[in-house]
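Content type compact mmCIF, C-alpha atoms, from the file query.txt:
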# COMPACT_ATOMS: atom_id res chain seq x y z
CA MET A 1 0.00 0.00 0.00
CA ASN A 2 1.29 3.42 -0.93
CA TRP A 3 2.01 5.61 2.12
CA LEU A 4 -0.08 8.41 0.60
CA ASP A 5 -3.10 6.10 0.49
CA GLU A 6 -2.90 5.60 4.25
CA ILE A 7 -3.82 9.23 4.83
CA ARG A 8 -7.50 9.91 5.31
CA TRP A 9 -7.85 12.83 2.91
CA ASP A 10 -10.92 14.98 3.56
CA ALA A 11 -13.80 15.48 1.11
CA GLN A 12 -11.72 18.13 -0.70
CA GLY A 13 -8.74 15.77 -0.93
CA LEU A 14 -6.81 17.75 1.68
CA VAL A 15 -5.12 17.09 5.01
CA PRO A 16 -4.33 19.69 7.71
CA VAL A 17 -0.63 20.23 8.33
CA ILE A 18 1.16 21.68 11.35
CA ALA A 19 4.69 23.03 10.82
CA GLN A 20 6.87 22.98 13.93
CA GLU A 21 10.37 24.43 14.10
CA GLN A 22 12.73 21.60 14.88
CA SER A 23 15.30 23.63 16.82
CA SER A 24 12.92 25.56 19.10
CA GLY A 25 9.78 23.44 19.11
CA ASP A 26 7.77 26.53 18.16
CA VAL A 27 4.60 25.89 16.18
CA LEU A 28 5.17 28.11 13.16
CA MET A 29 2.08 27.73 11.01
CA PHE A 30 -0.89 25.65 10.01
CA ALA A 31 -1.77 24.92 6.39
CA TRP A 32 -3.16 22.26 4.09
CA MET A 33 -1.74 19.75 1.63
CA ASN A 34 -3.23 17.68 -1.13
CA ARG A 35 -1.70 14.44 -2.28
CA GLU A 36 0.62 16.10 -4.78
CA ALA A 37 1.85 18.64 -2.20
CA LEU A 38 2.74 15.95 0.33
CA ALA A 39 4.42 13.81 -2.32
CA LYS A 40 6.54 16.77 -3.42
CA THR A 41 7.38 17.64 0.18
CA ALA A 42 8.65 14.13 0.83
CA GLU A 43 10.50 13.99 -2.48
CA THR A 44 12.24 17.37 -2.25
CA GLY A 45 12.62 17.83 1.53
CA ARG A 46 11.06 21.29 1.21
CA ALA A 47 7.56 22.12 2.40
CA VAL A 48 4.98 22.41 -0.39
CA TYR A 49 1.46 23.25 0.76
CA TYR A 50 -1.83 23.59 -1.09
CA SER A 51 -3.35 27.06 -1.11
CA ARG A 52 -7.11 26.75 -0.72
CA SER A 53 -7.63 30.41 -1.63
CA ARG A 54 -5.57 30.20 -4.83
CA GLY A 55 -6.55 26.61 -5.60
CA LYS A 56 -3.02 25.47 -6.40
CA LEU A 57 0.23 24.17 -4.98
CA TRP A 58 2.07 26.61 -2.76
CA PRO A 59 5.79 25.91 -2.46
CA LYS A 60 6.47 27.65 0.86
CA GLY A 61 8.78 30.61 0.24
CA GLU A 62 8.26 30.83 -3.51
CA GLU A 63 7.64 34.59 -3.20
CA SER A 64 9.18 35.42 0.16
CA GLY A 65 12.25 33.22 -0.03
CA HIS A 66 11.23 31.88 3.37
CA VAL A 67 11.43 28.22 2.46
CA GLN A 68 11.21 25.36 4.95
CA THR A 69 13.56 22.40 5.06
CA VAL A 70 11.62 19.35 6.24
CA HIS A 71 13.39 17.00 8.67
CA GLU A 72 10.52 14.81 9.71
CA ILE A 73 7.01 14.02 8.55
CA ARG A 74 4.65 12.67 11.18
CA MET A 75 1.03 11.51 11.02
CA ASP A 76 -1.46 11.33 13.88
CA CYS A 77 -3.37 8.37 15.30
CA ASP A 78 -6.41 8.95 13.07
CA ASN A 79 -4.27 9.28 9.94
CA ASP A 80 -5.87 12.63 9.17
CA VAL A 81 -3.36 15.25 10.39
CA VAL A 82 0.29 15.75 9.39
CA LEU A 83 3.04 17.31 11.51
CA LEU A 84 6.27 18.57 9.94
CA LYS A 85 9.51 19.25 11.80
CA VAL A 86 11.14 22.03 9.83
CA THR A 87 13.92 24.57 9.67
CA GLN A 88 12.64 27.96 8.60
CA LEU A 89 15.12 29.50 6.17
CA GLY A 90 15.54 32.92 4.53
CA HIS A 91 15.90 35.09 7.63
CA GLU A 92 17.49 34.85 11.05
CA PRO A 93 15.48 34.26 13.19
CA GLY A 94 13.10 32.42 10.87
CA ILE A 95 9.98 34.11 9.54
CA ALA A 96 7.12 31.73 8.80
CA CYS A 97 4.27 34.25 8.87
CA HIS A 98 3.20 36.52 6.02
CA THR A 99 3.00 39.36 8.56
CA GLY A 100 6.78 39.19 8.95
CA ARG A 101 6.64 37.44 12.31
CA HIS A 102 8.43 34.27 13.43
CA SER A 103 5.21 32.33 13.96
CA CYS A 104 1.65 32.76 12.75
CA PHE A 105 0.44 32.23 16.33
CA PHE A 106 1.28 35.70 17.60
CA GLN A 107 -2.13 36.61 19.01
CA LYS A 108 -2.52 35.66 22.66
CA PHE A 109 -5.73 35.60 24.64
CA GLU A 110 -5.31 37.93 27.61
CA GLN A 111 -8.08 39.11 29.91
CA GLY A 112 -10.85 38.65 27.40
CA ALA A 113 -9.05 39.99 24.31
CA TRP A 114 -6.56 38.95 21.62
CA VAL A 115 -3.22 40.73 21.97
CA SER A 116 -0.32 40.64 19.48
CA VAL A 117 2.67 39.52 21.53
CA GLU A 118 5.34 38.76 18.90
CA PRO A 119 7.38 41.39 17.04
CA VAL A 120 7.35 41.95 13.29
CA LEU A 121 10.89 40.91 12.29
CA LYS A 122 10.67 42.26 8.76
CA ASP A 123 8.23 44.60 7.02
CA PRO A 124 6.00 42.48 4.77
CA ALA A 125 6.27 45.22 2.12
CA THR A 126 9.95 44.34 1.76
CA ILE A 127 9.25 40.59 1.81
CA TYR A 128 6.64 40.57 -0.96
CA LYS A 129 7.76 42.96 -3.67
CA MET B 1 -16.36 43.11 20.01
CA ASN B 2 -16.43 39.78 21.75
CA TRP B 3 -13.14 37.85 21.41
CA LEU B 4 -15.06 34.79 20.21
CA ASP B 5 -16.49 36.80 17.31
CA GLU B 6 -12.99 37.53 16.05
CA ILE B 7 -12.46 33.88 15.22
CA ARG B 8 -13.32 32.89 11.66
CA TRP B 9 -15.40 29.81 12.42
CA ASP B 10 -15.74 27.45 9.47
CA ALA B 11 -19.02 26.53 7.75
CA GLN B 12 -19.69 23.99 10.53
CA GLY B 13 -19.01 26.57 13.22
CA LEU B 14 -15.70 24.95 14.14
CA VAL B 15 -12.07 25.96 14.42
CA PRO B 16 -9.04 23.61 14.29
CA VAL B 17 -7.04 23.46 17.52
CA ILE B 18 -3.46 22.36 18.13
CA ALA B 19 -2.52 21.31 21.68
CA GLN B 20 1.15 21.74 22.52
CA GLU B 21 2.75 20.63 25.79
CA GLN B 22 4.07 23.72 27.50
CA SER B 23 7.00 22.05 29.28
CA SER B 24 8.40 20.05 26.35
CA GLY B 25 7.06 21.88 23.29
CA ASP B 26 5.72 18.56 21.99
CA VAL B 27 2.66 18.78 19.76
CA LEU B 28 0.28 16.43 21.56
CA MET B 29 -2.87 16.41 19.48
CA PHE B 30 -5.09 18.15 16.98
CA ALA B 31 -8.83 18.55 17.49
CA TRP B 32 -11.72 20.95 16.89
CA MET B 33 -13.69 23.41 18.98
CA ASN B 34 -16.98 25.16 18.52
CA ARG B 35 -17.79 28.45 20.17
CA GLU B 36 -19.08 26.86 23.35
CA ALA B 37 -16.03 24.61 23.68
CA LEU B 38 -13.61 27.51 23.38
CA ALA B 39 -15.62 29.63 25.80
CA LYS B 40 -15.58 26.82 28.35
CA THR B 41 -11.87 26.24 27.83
CA ALA B 42 -11.12 29.89 28.54
CA GLU B 43 -13.49 30.00 31.50
CA THR B 44 -12.33 26.81 33.21
CA GLY B 45 -8.66 26.62 32.18
CA ARG B 46 -9.21 23.03 31.07
CA ALA B 47 -9.35 21.95 27.44
CA VAL B 48 -12.83 21.26 26.12
CA TYR B 49 -13.01 20.18 22.49
CA TYR B 50 -15.90 19.42 20.17
CA SER B 51 -16.17 15.84 18.97
CA ARG B 52 -17.20 15.83 15.32
CA SER B 53 -17.91 12.08 15.39
CA ARG B 54 -20.12 12.28 18.48
CA GLY B 55 -21.53 15.72 17.66
CA LYS B 56 -21.07 17.12 21.16
CA LEU B 57 -18.68 18.79 23.56
CA TRP B 58 -15.73 16.67 24.57
CA PRO B 59 -14.14 17.72 27.85
CA LYS B 60 -10.66 16.24 27.34
CA GLY B 61 -10.11 13.49 29.87
CA GLU B 62 -13.75 12.96 30.85
CA GLU B 63 -13.35 9.22 30.36
CA SER B 64 -9.59 8.74 30.57
CA GLY B 65 -8.84 11.19 33.36
CA HIS B 66 -6.19 12.64 31.05
CA VAL B 67 -7.29 16.25 31.36
CA GLN B 68 -5.33 19.22 30.05
CA THR B 69 -4.64 22.39 32.00
CA VAL B 70 -4.54 25.32 29.59
CA HIS B 71 -1.85 27.94 30.16
CA GLU B 72 -2.15 29.94 26.97
CA ILE B 73 -4.60 30.33 24.12
CA ARG B 74 -3.16 31.62 20.86
CA MET B 75 -4.75 32.44 17.51
CA ASP B 76 -3.05 32.55 14.13
CA CYS B 77 -2.70 35.42 11.64
CA ASP B 78 -5.83 34.43 9.71
CA ASN B 79 -7.91 34.08 12.88
CA ASP B 80 -8.89 30.57 11.88
CA VAL B 81 -6.61 28.28 13.91
CA VAL B 82 -6.13 28.06 17.70
CA LEU B 83 -3.02 26.88 19.54
CA LEU B 84 -3.17 25.83 23.20
CA LYS B 85 -0.19 25.55 25.52
CA VAL B 86 -1.15 22.82 27.96
CA THR B 87 -0.03 20.55 30.74
CA GLN B 88 -1.18 17.00 30.17
CA LEU B 89 -2.39 15.53 33.48
CA GLY B 90 -3.44 12.05 34.67
CA HIS B 91 -0.22 10.12 33.98
CA GLU B 92 3.50 10.71 34.15
CA PRO B 93 4.69 11.28 31.45
CA GLY B 94 1.50 12.74 30.01
CA ILE B 95 -0.73 10.69 27.73
CA ALA B 96 -2.69 12.75 25.21
CA CYS B 97 -3.47 9.99 22.70
CA HIS B 98 -6.27 7.45 22.92
CA THR B 99 -3.74 4.77 21.94
CA GLY B 100 -2.00 5.32 25.29
CA ARG B 101 0.89 7.26 23.80
CA HIS B 102 2.28 10.62 24.83
CA SER B 103 1.42 12.32 21.54
CA CYS B 104 -0.97 11.48 18.74
CA PHE B 105 1.84 12.11 16.24
CA PHE B 106 3.64 8.81 16.76
CA GLN B 107 3.77 7.69 13.13
CA LYS B 108 6.91 8.81 11.33
CA PHE B 109 7.56 8.72 7.62
CA GLU B 110 10.68 6.61 7.02
CA GLN B 111 11.90 5.33 3.67
CA GLY B 112 8.51 5.37 2.03
CA ALA B 113 6.43 4.03 4.93
CA TRP B 114 4.78 5.11 8.19
CA VAL B 115 6.49 3.67 11.25
CA SER B 116 5.25 3.87 14.86
CA VAL B 117 8.14 5.38 16.80
CA GLU B 118 6.63 6.21 20.20
CA PRO B 119 5.90 3.68 22.96
CA VAL B 120 2.48 2.89 24.37
CA LEU B 121 2.75 4.18 27.94
CA LYS B 122 -0.46 2.59 29.17
CA ASP B 123 -2.76 -0.06 27.70
CA PRO B 124 -5.86 1.71 26.33
CA ALA B 125 -7.97 -1.15 27.74
CA THR B 126 -7.02 0.02 31.23
CA ILE B 127 -7.58 3.70 30.35
CA TYR B 128 -11.10 3.32 28.95
CA LYS B 129 -12.97 0.87 31.17

Here is a file; write its structure as C-alpha cells.
Amino acid sequence: MNWLDEIRWDAQGLVPVIAQEQSSGDVLMFAWMNREALAKTAETGRAVYYSRSRGKLWPKGEESGHVQTVHEIRMDCDNDVVLLKVTQLGHEPGIACHTGRHSCFFQKFEQGAWVSVEPVLKDPATIYK
Amino acid sequence: MNWLDEIRWDAQGLVPVIAQEQSSGDVLMFAWMNREALAKTAETGRAVYYSRSRGKLWPKGEESGHVQTVHEIRMDCDNDVVLLKVTQLGHEPGIACHTGRHSCFFQKFEQGAWVSVEPVLKDPATIYK
C-alpha cells in the first residue's frame, strides 16, 4: 500500500498540516496539503502546501524566499493530520508568517481579548515585492 | 467586540485546535472546537473540544482522566486556527493519545512508509474501562 493512500484525505482531498520548528519546538504555522503537495514535500525535503484560496500548490517561500527544510514528517493516530519538523530559512530568526513574524500564532488571549505579543521581524512590504 | 467573534469559524461553526505541551514543546494532538467549547476552555482553564464524530462537547479526559490544563490560548494570523499551551495531566509522562501514547503524532515517515516510533505508555484497555 502506498504511504499516501494511508492518509484519510478529507472530502476536498486535503489534510491539515502543522509546521513545527525543529530547533525551538515553536509551532510556526498551520496549512493544508493535497496528495501532490505531500508527495513533493517528501521527495524534495522542502515544504509544499496547497493554497485553498488560490486553488493550487504553494511551495512555501516561492515569493518570500522563506522556504522550509523538512526534517521529519509525522502523522497522527487517526491518519488525518500531518506534523512537519522544519527549519525555517531565509531570515534569522526564521519568519514563517506573512505578517513578517516568526510564527503565525502571535495573538494571545489575555483578559478577554486577543493581543499581538510577537514582534514583526521584517516589514511584509519588503518581503513581498 | 467579543473575542469569540474575532475567530473565523468554518461553515460547521468549528475551528481547528493544536494542543502543545508547555514544558516540552511537543505537539500532543489536533482537534476541533466550537464556540461553546472555546468559551468553556477559557473559562475553566481546562481543554474542552468538540467531537465531530459524536456531535457534542468533549471535555478532554472525561473518560480517561487525562485532562489538560490550559496555560495559553493563541490564535493565528488568519484568525482561523487556535493553539493551546497545555499541561497533560493524569499520567507521568502525560498521555494525550487514545492509543495510550504521549502524543498522537507517533507515526513517522521513514523510507517510504509510516512507522510507529513512540511507545504505548499505558494499555488503552485500562484507560477506557

B:Trp32 surroundings by all atoms listed in the file, 9 Å radius, close-in-sequence under 4 positions cut, as a ChimeraX atom specification: /B:14-18,37,49-52

Atom pair atom CA of A:Gln68 + atom CA of A:Ser53, distance 20.6 Å

At a cut-off of 7 Å, can you tabulate as JSON lines every residue of chain A near chain B together with its closest atom pair and the distance in Å to one decimal, using all atoms listed in the file and ordering rows by chain then number?
{"residue": "A:Trp3", "atom": "CA", "partner": "B:Ala113", "partner_atom": "CA", "distance": 5.5}
{"residue": "A:Gly25", "atom": "CA", "partner": "B:Gly25", "partner_atom": "CA", "distance": 5.2}
{"residue": "A:Asp26", "atom": "CA", "partner": "B:Gly25", "partner_atom": "CA", "distance": 7.0}
{"residue": "A:Ile73", "atom": "CA", "partner": "B:Phe109", "partner_atom": "CA", "distance": 5.4}
{"residue": "A:Arg74", "atom": "CA", "partner": "B:Lys108", "partner_atom": "CA", "distance": 4.5}
{"residue": "A:Met75", "atom": "CA", "partner": "B:Gln107", "partner_atom": "CA", "distance": 5.2}
{"residue": "A:Asp76", "atom": "CA", "partner": "B:Phe105", "partner_atom": "CA", "distance": 4.1}
{"residue": "A:Cys77", "atom": "CA", "partner": "B:Cys104", "partner_atom": "CA", "distance": 5.2}
{"residue": "A:Cys104", "atom": "CA", "partner": "B:Asp76", "partner_atom": "CA", "distance": 4.9}
{"residue": "A:Phe105", "atom": "CA", "partner": "B:Asp76", "partner_atom": "CA", "distance": 4.1}
{"residue": "A:Phe106", "atom": "CA", "partner": "B:Asp76", "partner_atom": "CA", "distance": 6.4}
{"residue": "A:Gln107", "atom": "CA", "partner": "B:Met75", "partner_atom": "CA", "distance": 5.1}
{"residue": "A:Lys108", "atom": "CA", "partner": "B:Arg74", "partner_atom": "CA", "distance": 4.5}
{"residue": "A:Phe109", "atom": "CA", "partner": "B:Ile73", "partner_atom": "CA", "distance": 5.4}
{"residue": "A:Gly112", "atom": "CA", "partner": "B:Trp3", "partner_atom": "CA", "distance": 6.5}
{"residue": "A:Ala113", "atom": "CA", "partner": "B:Trp3", "partner_atom": "CA", "distance": 5.5}
{"residue": "A:Trp114", "atom": "CA", "partner": "B:Trp3", "partner_atom": "CA", "distance": 6.7}

Which neighbours of A:Val67 fall inside 10 Å, counting only C-alpha atoms, when residues of the same chain fewer than 6 positions from it are skipped, and could you give them as number ranges by chain? A: 46-48, 59-61, 86-91, 94-96

Could you please determine the separation between atom CA of A:Trp58 and atom CA of A:Met33 in Å, to one decimal place?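 Between atom CA of A:Trp58 and atom CA of A:Met33 the gap works out to 9.0 Å.
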
Separation of atom CA of A:Asn34 from atom CA of A:Gln12, in Å and rounded to one decimal: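 Separation of atom CA of A:Asn34 and atom CA of A:Gln12: 8.5 Å.
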